[in-house]
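Next comes input_25.cif, with mmCIF, C-alpha atoms and all ligand atoms.
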data_model
#
loop_
_atom_site.label_atom_id
_atom_site.label_comp_id
_atom_site.auth_asym_id
_atom_site.auth_seq_id
_atom_site.Cartn_x
_atom_site.Cartn_y
_atom_site.Cartn_z
CA MET A 1234 6.92 6.57 1.25
CA LEU A 1235 5.11 4.51 3.87
CA ASP A 1236 7.22 2.97 6.62
CA SER A 1237 8.47 -0.56 6.38
CA ALA A 1238 6.11 -2.01 8.99
CA THR A 1239 3.10 -0.58 7.13
CA LEU A 1240 4.36 -1.98 3.81
CA ASP A 1241 4.77 -5.39 5.48
CA ARG A 1242 1.22 -5.20 6.79
CA ILE A 1243 -0.17 -4.29 3.34
CA THR A 1244 1.86 -7.12 1.76
CA ALA A 1245 0.38 -9.66 4.16
CA GLN A 1246 -3.11 -8.33 3.43
CA VAL A 1247 -2.65 -8.54 -0.36
CA ALA A 1248 -1.04 -12.01 -0.16
CA THR A 1249 -4.02 -13.30 1.82
CA ALA A 1250 -6.56 -11.66 -0.48
CA GLN A 1251 -4.86 -13.36 -3.44
CA ALA A 1252 -4.38 -16.80 -1.86
CA ALA A 1253 -7.90 -17.27 -0.50
CA PRO A 1254 -9.47 -14.82 -2.88
CA HIS A 1255 -11.53 -12.07 -1.34
CA THR A 1256 -11.91 -8.38 -1.94
CA MET A 1257 -10.43 -5.63 0.15
CA PRO A 1258 -11.07 -1.89 0.18
CA LYS A 1259 -8.95 0.18 -2.16
CA LEU A 1260 -5.57 0.49 -0.42
CA THR A 1261 -5.33 4.26 -0.86
CA GLU A 1262 -8.59 4.61 1.09
CA VAL A 1263 -7.06 2.85 4.07
CA TYR A 1264 -3.51 4.18 3.55
CA PRO A 1265 -3.94 7.63 1.95
CA GLY A 1266 -0.14 8.09 1.75
CA LEU A 1267 0.33 5.02 -0.49
CA ASP A 1268 2.01 6.08 -3.75
CA VAL A 1269 3.26 4.26 -6.85
CA GLU A 1270 6.67 3.53 -5.30
CA ASP A 1271 4.94 2.04 -2.25
CA GLY A 1272 2.90 -0.11 -4.61
CA TYR A 1273 6.10 -1.47 -6.13
CA ALA A 1274 7.63 -1.92 -2.67
CA VAL A 1275 4.64 -4.15 -1.83
CA GLN A 1276 5.22 -6.06 -5.08
CA ASP A 1277 8.89 -6.62 -4.12
CA ARG A 1278 7.78 -8.00 -0.77
CA LEU A 1279 5.17 -10.22 -2.44
CA LEU A 1280 7.86 -11.62 -4.73
CA ALA A 1281 10.24 -12.33 -1.81
CA ARG A 1282 7.43 -14.09 -0.01
CA TRP A 1283 6.43 -16.18 -3.02
CA LEU A 1284 10.04 -17.18 -3.76
CA ASP A 1285 10.32 -18.28 -0.10
CA GLU A 1286 7.27 -20.46 -0.64
CA GLY A 1287 9.13 -22.18 -3.49
CA ARG A 1288 7.29 -20.44 -6.29
CA GLU A 1289 9.23 -19.42 -9.37
CA LEU A 1290 9.35 -16.11 -11.22
CA ILE A 1291 8.78 -16.77 -14.92
CA GLY A 1292 8.37 -13.27 -16.32
CA LEU A 1293 6.91 -9.82 -16.05
CA LYS A 1294 3.77 -8.08 -17.21
CA ALA A 1295 3.04 -4.61 -18.47
CA GLY A 1296 -0.52 -3.39 -18.11
CA LEU A 1297 -2.67 -0.40 -18.91
CA THR A 1298 -0.71 0.05 -22.14
CA SER A 1299 -3.65 0.52 -24.53
CA LYS A 1300 -6.25 3.26 -24.72
CA ALA A 1301 -9.01 0.66 -24.39
CA LYS A 1302 -7.59 -0.53 -21.08
CA MET A 1303 -6.77 2.92 -19.74
CA GLU A 1304 -10.28 4.12 -20.47
CA GLN A 1305 -11.89 1.00 -19.02
CA MET A 1306 -9.94 1.26 -15.76
CA GLY A 1307 -9.71 5.06 -15.50
CA VAL A 1308 -5.93 4.91 -15.09
CA SER A 1309 -3.71 6.69 -17.58
CA GLU A 1310 -0.25 5.26 -16.85
CA PRO A 1311 1.16 1.79 -17.48
CA SER A 1312 1.94 -0.55 -14.60
CA PHE A 1313 4.36 -3.44 -14.31
CA GLY A 1314 3.95 -6.69 -12.44
CA ILE A 1315 5.43 -10.13 -11.91
CA LEU A 1316 4.40 -13.48 -13.37
CA MET A 1317 4.85 -16.69 -11.38
CA ARG A 1318 5.26 -20.01 -13.16
CA ASP A 1319 2.30 -21.64 -11.36
CA THR A 1320 -0.10 -19.03 -12.78
CA LEU A 1321 0.55 -20.20 -16.36
CA ASP A 1322 -2.15 -22.56 -17.65
CA PRO A 1323 -1.95 -24.65 -20.82
CA GLU A 1324 -3.93 -23.70 -23.89
CA GLY A 1325 -7.36 -25.35 -23.87
CA SER A 1326 -7.40 -25.43 -20.04
CA ILE A 1327 -10.49 -25.31 -17.93
CA ILE A 1328 -9.80 -22.56 -15.44
CA PRO A 1329 -11.66 -22.97 -12.15
CA THR A 1330 -13.56 -19.82 -11.24
CA GLN A 1331 -14.00 -20.80 -7.59
CA CYS A 1332 -10.40 -19.62 -7.09
CA LEU A 1333 -11.26 -16.24 -8.59
CA ILE A 1334 -13.42 -13.31 -7.48
CA HIS A 1335 -14.61 -11.51 -10.62
CA PRO A 1336 -12.36 -12.71 -13.45
CA ARG A 1337 -11.89 -10.89 -16.73
CA VAL A 1338 -10.01 -11.95 -19.86
CA GLU A 1339 -7.92 -9.88 -22.23
CA ALA A 1340 -6.00 -10.61 -25.42
CA GLU A 1341 -2.29 -9.87 -25.46
CA ILE A 1342 0.91 -10.46 -27.37
CA ALA A 1343 3.58 -12.14 -25.24
CA PHE A 1344 7.31 -11.83 -25.86
CA VAL A 1345 9.72 -14.56 -24.84
CA MET A 1346 13.24 -13.17 -24.48
CA LYS A 1347 16.37 -14.99 -25.55
CA ASP A 1348 18.91 -12.41 -24.33
CA GLU A 1349 19.11 -10.31 -21.23
CA LEU A 1350 18.06 -6.73 -21.93
CA GLY A 1351 19.04 -3.72 -19.84
CA GLY A 1352 19.83 -0.04 -19.97
CA PRO A 1353 18.12 3.31 -19.75
CA GLU A 1354 16.95 3.44 -23.35
CA VAL A 1355 16.80 0.36 -25.58
CA SER A 1356 15.56 0.72 -29.15
CA ILE A 1357 12.75 -1.29 -30.74
CA ASP A 1358 15.45 -3.02 -32.81
CA GLN A 1359 17.31 -4.03 -29.67
CA VAL A 1360 14.07 -5.39 -28.20
CA LEU A 1361 13.39 -7.42 -31.35
CA ASP A 1362 17.00 -8.69 -31.47
CA ALA A 1363 16.76 -9.84 -27.86
CA THR A 1364 13.41 -11.59 -28.45
CA ASP A 1365 13.27 -15.33 -29.02
CA PHE A 1366 9.67 -15.36 -30.24
CA VAL A 1367 6.32 -13.62 -29.86
CA GLN A 1368 3.18 -15.57 -29.08
CA PRO A 1369 -0.54 -15.05 -28.47
CA ALA A 1370 -1.57 -14.92 -24.82
CA ILE A 1371 -4.77 -14.52 -22.86
CA GLU A 1372 -4.44 -12.92 -19.46
CA ILE A 1373 -7.04 -13.72 -16.81
CA LEU A 1374 -7.24 -10.76 -14.47
CA ASP A 1375 -8.88 -10.73 -11.07
CA SER A 1376 -8.74 -7.55 -9.06
CA ARG A 1377 -8.75 -8.06 -5.32
CA PHE A 1378 -10.49 -4.70 -5.01
CA GLU A 1379 -14.22 -4.31 -4.62
CA LYS A 1380 -16.08 -3.88 -7.92
CA PHE A 1381 -12.73 -4.13 -9.80
CA LYS A 1382 -12.15 -0.46 -8.97
CA PHE A 1383 -8.71 0.87 -8.11
CA ASP A 1384 -6.14 3.59 -8.70
CA LEU A 1385 -2.56 3.15 -9.90
CA PRO A 1386 -0.80 2.66 -6.51
CA SER A 1387 -3.46 0.18 -5.36
CA VAL A 1388 -3.42 -1.93 -8.53
CA ILE A 1389 0.38 -2.06 -8.51
CA ALA A 1390 0.31 -3.36 -4.92
CA ASP A 1391 -2.18 -6.00 -6.13
CA ASN A 1392 0.39 -7.06 -8.77
CA GLY A 1393 -1.58 -5.55 -11.64
CA SER A 1394 -4.65 -7.75 -10.98
CA SER A 1395 -2.58 -10.74 -12.14
CA ALA A 1396 -4.38 -14.06 -11.64
CA ARG A 1397 -3.60 -16.53 -14.46
CA PHE A 1398 -2.41 -16.49 -18.05
CA VAL A 1399 -2.42 -18.80 -21.02
CA MET A 1400 0.04 -18.89 -23.93
CA GLY A 1401 -0.95 -20.53 -27.18
CA GLY A 1402 -1.56 -20.17 -30.87
CA ARG A 1403 1.42 -20.02 -33.16
CA PRO A 1404 4.68 -18.55 -31.89
CA ARG A 1405 6.44 -16.42 -34.50
CA ARG A 1406 9.82 -14.79 -34.84
CA ALA A 1407 9.31 -11.15 -33.93
CA ARG A 1408 10.65 -9.93 -37.25
CA ASN A 1409 8.45 -12.25 -39.31
CA VAL A 1410 5.22 -10.52 -38.36
CA ASP A 1411 4.21 -6.87 -38.48
CA LEU A 1412 3.58 -6.32 -34.79
CA ARG A 1413 1.86 -2.98 -35.41
CA THR A 1414 -1.02 -4.57 -37.28
CA ILE A 1415 -1.84 -8.06 -35.98
CA GLY A 1416 -5.63 -8.34 -35.78
CA MET A 1417 -7.11 -10.01 -32.70
CA VAL A 1418 -10.74 -11.03 -32.38
CA MET A 1419 -12.10 -12.28 -29.07
CA GLU A 1420 -15.20 -14.47 -28.94
CA LEU A 1421 -17.16 -15.32 -25.82
CA ASN A 1422 -19.43 -18.35 -26.29
CA GLY A 1423 -19.26 -17.90 -30.06
CA GLU A 1424 -20.00 -14.18 -30.15
CA ILE A 1425 -17.48 -11.51 -30.94
CA VAL A 1426 -17.04 -9.37 -27.82
CA ALA A 1427 -13.83 -7.45 -28.53
CA MET A 1428 -11.36 -6.81 -31.31
CA ALA A 1429 -8.22 -4.81 -31.75
CA SER A 1430 -4.97 -4.52 -33.62
CA SER A 1431 -1.71 -5.24 -31.81
CA GLY A 1432 -0.74 -1.63 -32.53
CA ALA A 1433 -3.34 -0.59 -29.94
CA VAL A 1434 -0.59 -1.34 -27.42
CA LEU A 1435 1.54 1.82 -27.54
CA GLY A 1436 1.67 1.70 -31.35
CA HIS A 1437 3.83 -1.46 -31.17
CA PRO A 1438 3.82 -3.99 -28.32
CA ALA A 1439 7.65 -3.95 -28.24
CA ARG A 1440 7.23 -0.46 -26.74
CA SER A 1441 5.90 -2.14 -23.60
CA ILE A 1442 9.21 -4.00 -23.35
CA GLN A 1443 11.12 -0.75 -23.97
CA MET A 1444 9.24 0.92 -21.11
CA LEU A 1445 9.64 -2.12 -18.88
CA VAL A 1446 13.42 -2.23 -19.46
CA ALA A 1447 13.75 1.50 -18.71
CA TRP A 1448 11.71 1.05 -15.55
CA LEU A 1449 13.81 -1.96 -14.49
CA HIS A 1450 16.97 0.04 -15.16
CA GLY A 1451 15.73 2.76 -12.81
CA ARG A 1452 15.56 0.08 -10.12
CA GLY A 1453 19.01 -1.32 -10.91
CA ARG A 1454 17.60 -4.37 -12.68
CA THR A 1455 17.53 -5.91 -16.14
CA LEU A 1456 15.07 -8.11 -18.01
CA PRO A 1457 16.53 -11.63 -17.74
CA ALA A 1458 16.97 -13.94 -20.73
CA GLY A 1459 14.16 -16.48 -20.85
CA SER A 1460 11.57 -14.09 -19.42
CA ILE A 1461 8.01 -14.14 -20.67
CA VAL A 1462 6.59 -10.63 -20.94
CA LEU A 1463 2.90 -9.87 -21.32
CA THR A 1464 2.76 -6.55 -23.14
CA GLY A 1465 -0.76 -5.53 -22.07
CA GLY A 1466 -4.33 -6.03 -23.17
CA ALA A 1467 -5.06 -4.59 -26.59
CA THR A 1468 -8.81 -4.70 -25.95
CA ALA A 1469 -10.85 -3.90 -22.89
CA ALA A 1470 -11.03 -6.86 -20.51
CA ILE A 1471 -14.21 -8.97 -20.66
CA ALA A 1472 -15.91 -10.50 -17.60
CA VAL A 1473 -16.28 -14.30 -17.56
CA LYS A 1474 -18.27 -16.78 -15.45
CA PRO A 1475 -18.45 -20.57 -15.08
CA ASP A 1476 -19.08 -22.46 -18.34
CA ASP A 1477 -17.91 -19.59 -20.52
CA ALA A 1478 -15.71 -20.44 -23.51
CA VAL A 1479 -13.29 -17.83 -24.80
CA ILE A 1480 -11.39 -17.98 -28.05
CA VAL A 1481 -9.10 -15.31 -29.42
CA ARG A 1482 -8.18 -15.50 -33.10
CA TYR A 1483 -4.94 -13.80 -34.04
CA GLN A 1484 -4.10 -12.81 -37.58
CA ASP A 1485 -1.20 -14.99 -38.78
CA MET A 1486 -0.59 -16.30 -35.24
CA GLY A 1487 -3.28 -18.94 -34.79
CA GLU A 1488 -5.84 -18.94 -32.03
CA ILE A 1489 -6.00 -19.64 -28.35
CA SER A 1490 -8.90 -20.88 -26.29
CA VAL A 1491 -9.83 -21.40 -22.66
CA ARG A 1492 -12.90 -22.46 -20.75
CA PHE A 1493 -14.03 -21.51 -17.30
CA GLY A 1494 -15.24 -24.13 -14.85
C1 LIG B 1501 -4.90 -3.93 -14.31
C2 LIG B 1501 -4.01 -4.82 -15.12
C3 LIG B 1501 -3.85 -4.33 -16.52
C4 LIG B 1501 -3.39 -4.97 -18.90
O1 LIG B 1501 -3.02 -5.81 -19.71
O2 LIG B 1501 -3.76 -3.85 -19.21
C5 LIG B 1501 -3.36 -5.35 -17.47
C6 LIG B 1501 -6.35 -4.22 -14.59
O3 LIG B 1501 -6.86 -3.79 -15.61
O4 LIG B 1501 -6.99 -4.86 -13.74
O5 LIG B 1501 -2.98 -6.46 -17.19
MG MG B 1502 -2.86 -7.73 -18.98
#

This structure in structure tokens:
Amino acid sequence: MLDSATLDRITAQVATAQAAPHTMPKLTEVYPGLDVEDGYAVQDRLLARWLDEGRELIGLKAGLTSKAKMEQMGVSEPSFGILMRDTLDPEGSIIPTQCLIHPRVEAEIAFVMKDELGGPEVSIDQVLDATDFVQPAIEILDSRFEKFKFDLPSVIADNGSSARFVMGGRPRRARNVDLRTIGMVMELNGEIVAMASSGAVLGHPARSIQMLVAWLHGRGRTLPAGSIVLTGGATAAIAVKPDDAVIVRYQDMGEISVRFG
């Protein structure tokens, strides 16, 4: 574990790289001792800082939960991160790319929780019972690391490359859809660029919530009622540039679109 002063210094560096977006060298190159727990300690400090600035925590994200994503990023373990309310954009938004470095989009299933969920081992049934609804989401990632290259501790400290996210399409009750087999087709400027089934995320995206709750429990925390949870990209993430239009069509759950400006 790095000392507190070093973690503070890394936090300031990440916060600046996110606020006035610019790349930084991979953190483990500069701080070879940085491990996964240090990454989360940086995240905790980022959250405290953002809450102080008056920003609001709206949910959590799981990432690197599908084979497509793990292979694309060369990381084989999931990561968790935080979602701030001001990073949520409405469906159909034009997302300005001048506030982003090298954005990528990915298709996800979001869960919106109605009950608090906690404990070392919740079942899929408990996750579904605690869920208000599930809804299509597009996450816009933007790594603050050069060439979008990182390792697990570094990406965790960068809050899982979180930049923006969009919720849309048709929300459904979790038990009214078969979450193992929801087809998702992503189009970029009218051409299909990625497709997957929701089961690509750990066999069932509720497993992301299971893992998240177990991880929170290990840190003495629970998943609060009302949280939005992004369960992780089912497809590899696709790079976007100004004037690109992205639409993701979800089987039985409508579609969601964004443009980049
Ligand atoms: C890390 C974030 C991963 C996902 O859904 O897999 C993530 C990255 O790939 O930059 O959000
Ligand atoms: Mg994601």

message: What does the list of residues within 6 Å of ligand LIG 1501 (chain B) look like if you count only C-alpha atoms and all ligand atoms, written as a PyMOL selection string?
response: chain A and resi 1296-1298+1302+1306+1374+1376+1393-1394+1465-1466

Show me, as a tab-separated table, the residues of stretch 1416-1483 of chain A having an atom within 12 Å of stretch 1344-1368 of chain A, each with the closest atom pair and its distance in Å, using only C-alpha atoms.
residue	atom	partner	partner_atom	distance
A:Ser1431	CA	A:Gln1368	CA	11.8
A:Gly1436	CA	A:Ile1357	CA	11.5
A:His1437	CA	A:Ile1357	CA	8.9
A:Pro1438	CA	A:Phe1344	CA	8.9
A:Ala1439	CA	A:Ile1357	CA	6.3
A:Arg1440	CA	A:Ile1357	CA	6.9
A:Ser1441	CA	A:Val1360	CA	9.9
A:Ile1442	CA	A:Val1360	CA	7.0
A:Gln1443	CA	A:Val1355	CA	6.0
A:Met1444	CA	A:Glu1354	CA	8.4
A:Leu1445	CA	A:Gly1351	CA	9.6
A:Val1446	CA	A:Gly1351	CA	5.8
A:Ala1447	CA	A:Pro1353	CA	4.8
A:Trp1448	CA	A:Pro1353	CA	8.0
A:Leu1449	CA	A:Gly1351	CA	7.7
A:His1450	CA	A:Gly1352	CA	5.6
A:Gly1451	CA	A:Pro1353	CA	7.4
A:Arg1452	CA	A:Pro1353	CA	10.5
A:Gly1453	CA	A:Gly1352	CA	9.2
A:Arg1454	CA	A:Gly1351	CA	7.3
A:Thr1455	CA	A:Gly1351	CA	4.6
A:Leu1456	CA	A:Leu1350	CA	5.1
A:Pro1457	CA	A:Glu1349	CA	4.5
A:Ala1458	CA	A:Glu1349	CA	4.2
A:Gly1459	CA	A:Met1346	CA	5.0
A:Ser1460	CA	A:Met1346	CA	5.4
A:Ile1461	CA	A:Val1345	CA	4.5
A:Val1462	CA	A:Phe1344	CA	5.1
A:Leu1463	CA	A:Phe1344	CA	6.6
A:Thr1464	CA	A:Phe1344	CA	7.5
A:Gly1465	CA	A:Phe1344	CA	10.9
A:Tyr1483	CA	A:Gln1368	CA	9.7

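Candidate residues A:Phe1313, A:Tyr1273, A:Phe1381, A:Phe1493 were compared for distance to ligand MG 1502 (chain B), and the nearest is A:Phe1313, using only C-alpha atoms and all ligand atoms.
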
Using only C-alpha atoms, the best pick from A:Asp1236, A:Gly1416, A:Met1257, A:Asp1477 as closest to A:Arg1337 would be A:Asp1477

Please list as a PDB file with C-alpha atoms, keeping the file's coordinate frame every residue within 10 Å of A:Ser1490, counting all atoms listed in the file and excluding residues in the same chain fewer than 2 positions away.
ATOM      1  CA  PRO A1323      -1.950 -24.650 -20.820  1.00  0.00           C
ATOM      2  CA  GLU A1324      -3.930 -23.700 -23.890  1.00  0.00           C
ATOM      3  CA  GLY A1325      -7.360 -25.350 -23.870  1.00  0.00           C
ATOM      4  CA  SER A1326      -7.400 -25.430 -20.040  1.00  0.00           C
ATOM      5  CA  ILE A1327     -10.490 -25.310 -17.930  1.00  0.00           C
ATOM      6  CA  ALA A1370      -1.570 -14.920 -24.820  1.00  0.00           C
ATOM      7  CA  ILE A1371      -4.770 -14.520 -22.860  1.00  0.00           C
ATOM      8  CA  VAL A1399      -2.420 -18.800 -21.020  1.00  0.00           C
ATOM      9  CA  MET A1400       0.040 -18.890 -23.930  1.00  0.00           C
ATOM     10  CA  GLY A1401      -0.950 -20.530 -27.180  1.00  0.00           C
ATOM     11  CA  GLY A1402      -1.560 -20.170 -30.870  1.00  0.00           C
ATOM     12  CA  MET A1419     -12.100 -12.280 -29.070  1.00  0.00           C
ATOM     13  CA  GLU A1420     -15.200 -14.470 -28.940  1.00  0.00           C
ATOM     14  CA  LEU A1421     -17.160 -15.320 -25.820  1.00  0.00           C
ATOM     15  CA  ALA A1478     -15.710 -20.440 -23.510  1.00  0.00           C
ATOM     16  CA  VAL A1479     -13.290 -17.830 -24.800  1.00  0.00           C
ATOM     17  CA  ILE A1480     -11.390 -17.980 -28.050  1.00  0.00           C
ATOM     18  CA  VAL A1481      -9.100 -15.310 -29.420  1.00  0.00           C
ATOM     19  CA  ARG A1482      -8.180 -15.500 -33.100  1.00  0.00           C
ATOM     20  CA  GLU A1488      -5.840 -18.940 -32.030  1.00  0.00           C
ATOM     21  CA  ARG A1492     -12.900 -22.460 -20.750  1.00  0.00           C
TER      22      ARG A1492
END

Please output stretch 1349-1359 of chain A, rebuilt to include all heavy atoms, as a JSON list (two decimals), in the frame of the given file.
[["chain", "number", "residue", "atom", "x", "y", "z"],
["A", 1349, "GLU", "N", 19.36, -11.30, -22.28],
["A", 1349, "GLU", "CA", 19.11, -10.31, -21.23],
["A", 1349, "GLU", "C", 19.05, -8.92, -21.88],
["A", 1349, "GLU", "O", 19.75, -8.67, -22.86],
["A", 1349, "GLU", "CB", 20.28, -10.36, -20.23],
["A", 1349, "GLU", "CG", 20.12, -9.43, -19.07],
["A", 1349, "GLU", "CD", 21.38, -9.37, -18.21],
["A", 1349, "GLU", "OE1", 22.48, -9.72, -18.69],
["A", 1349, "GLU", "OE2", 21.24, -8.94, -17.05],
["A", 1350, "LEU", "N", 18.20, -8.07, -21.35],
["A", 1350, "LEU", "CA", 18.06, -6.73, -21.93],
["A", 1350, "LEU", "C", 18.09, -5.72, -20.78],
["A", 1350, "LEU", "O", 17.34, -5.87, -19.80],
["A", 1350, "LEU", "CB", 16.73, -6.68, -22.68],
["A", 1350, "LEU", "CG", 16.49, -5.66, -23.78],
["A", 1350, "LEU", "CD1", 17.60, -5.65, -24.81],
["A", 1350, "LEU", "CD2", 15.16, -5.95, -24.47],
["A", 1351, "GLY", "N", 18.95, -4.72, -20.91],
["A", 1351, "GLY", "CA", 19.04, -3.72, -19.84],
["A", 1351, "GLY", "C", 19.50, -2.40, -20.39],
["A", 1351, "GLY", "O", 19.98, -2.31, -21.52],
["A", 1352, "GLY", "N", 19.35, -1.36, -19.58],
["A", 1352, "GLY", "CA", 19.83, -0.04, -19.97],
["A", 1352, "GLY", "C", 18.72, 0.97, -19.89],
["A", 1352, "GLY", "O", 17.54, 0.62, -19.80],
["A", 1353, "PRO", "N", 19.11, 2.25, -19.92],
["A", 1353, "PRO", "CA", 18.12, 3.31, -19.75],
["A", 1353, "PRO", "C", 17.21, 3.48, -20.97],
["A", 1353, "PRO", "O", 16.08, 3.91, -20.85],
["A", 1353, "PRO", "CB", 18.97, 4.56, -19.55],
["A", 1353, "PRO", "CG", 20.30, 4.23, -20.13],
["A", 1353, "PRO", "CD", 20.48, 2.75, -20.03],
["A", 1354, "GLU", "N", 17.72, 3.15, -22.14],
["A", 1354, "GLU", "CA", 16.95, 3.44, -23.35],
["A", 1354, "GLU", "C", 17.28, 2.42, -24.43],
["A", 1354, "GLU", "O", 18.21, 2.62, -25.21],
["A", 1354, "GLU", "CB", 17.33, 4.84, -23.84],
["A", 1354, "GLU", "CG", 16.14, 5.67, -24.22],
["A", 1354, "GLU", "CD", 16.55, 7.09, -24.53],
["A", 1354, "GLU", "OE1", 16.86, 7.82, -23.56],
["A", 1354, "GLU", "OE2", 16.59, 7.45, -25.71],
["A", 1355, "VAL", "N", 16.55, 1.32, -24.50],
["A", 1355, "VAL", "CA", 16.80, 0.36, -25.58],
["A", 1355, "VAL", "C", 15.89, 0.71, -26.76],
["A", 1355, "VAL", "O", 14.80, 1.24, -26.57],
["A", 1355, "VAL", "CB", 16.59, -1.11, -25.12],
["A", 1355, "VAL", "CG1", 17.59, -1.49, -24.05],
["A", 1355, "VAL", "CG2", 15.17, -1.34, -24.63],
["A", 1356, "SER", "N", 16.37, 0.42, -27.96],
["A", 1356, "SER", "CA", 15.56, 0.72, -29.15],
["A", 1356, "SER", "C", 14.63, -0.46, -29.45],
["A", 1356, "SER", "O", 14.82, -1.56, -28.93],
["A", 1356, "SER", "CB", 16.49, 0.96, -30.35],
["A", 1356, "SER", "OG", 17.17, -0.24, -30.66],
["A", 1357, "ILE", "N", 13.65, -0.21, -30.32],
["A", 1357, "ILE", "CA", 12.75, -1.29, -30.74],
["A", 1357, "ILE", "C", 13.57, -2.41, -31.39],
["A", 1357, "ILE", "O", 13.33, -3.60, -31.16],
["A", 1357, "ILE", "CB", 11.68, -0.75, -31.72],
["A", 1357, "ILE", "CG1", 10.73, 0.21, -31.00],
["A", 1357, "ILE", "CG2", 10.89, -1.90, -32.37],
["A", 1357, "ILE", "CD1", 9.77, -0.44, -30.03],
["A", 1358, "ASP", "N", 14.58, -2.02, -32.18],
["A", 1358, "ASP", "CA", 15.45, -3.02, -32.81],
["A", 1358, "ASP", "C", 16.16, -3.88, -31.77],
["A", 1358, "ASP", "O", 16.26, -5.10, -31.93],
["A", 1358, "ASP", "CB", 16.51, -2.34, -33.69],
["A", 1358, "ASP", "CG", 16.00, -2.15, -35.12],
["A", 1358, "ASP", "OD1", 15.09, -2.93, -35.52],
["A", 1358, "ASP", "OD2", 16.48, -1.25, -35.81],
["A", 1359, "GLN", "N", 16.64, -3.25, -30.72],
["A", 1359, "GLN", "CA", 17.31, -4.03, -29.67],
["A", 1359, "GLN", "C", 16.32, -4.98, -28.99],
["A", 1359, "GLN", "O", 16.68, -6.11, -28.66],
["A", 1359, "GLN", "CB", 17.93, -3.09, -28.62],
["A", 1359, "GLN", "CG", 19.22, -2.45, -29.09],
["A", 1359, "GLN", "CD", 19.71, -1.41, -28.09],
["A", 1359, "GLN", "OE1", 19.01, -0.43, -27.77],
["A", 1359, "GLN", "NE2", 20.91, -1.61, -27.57]]
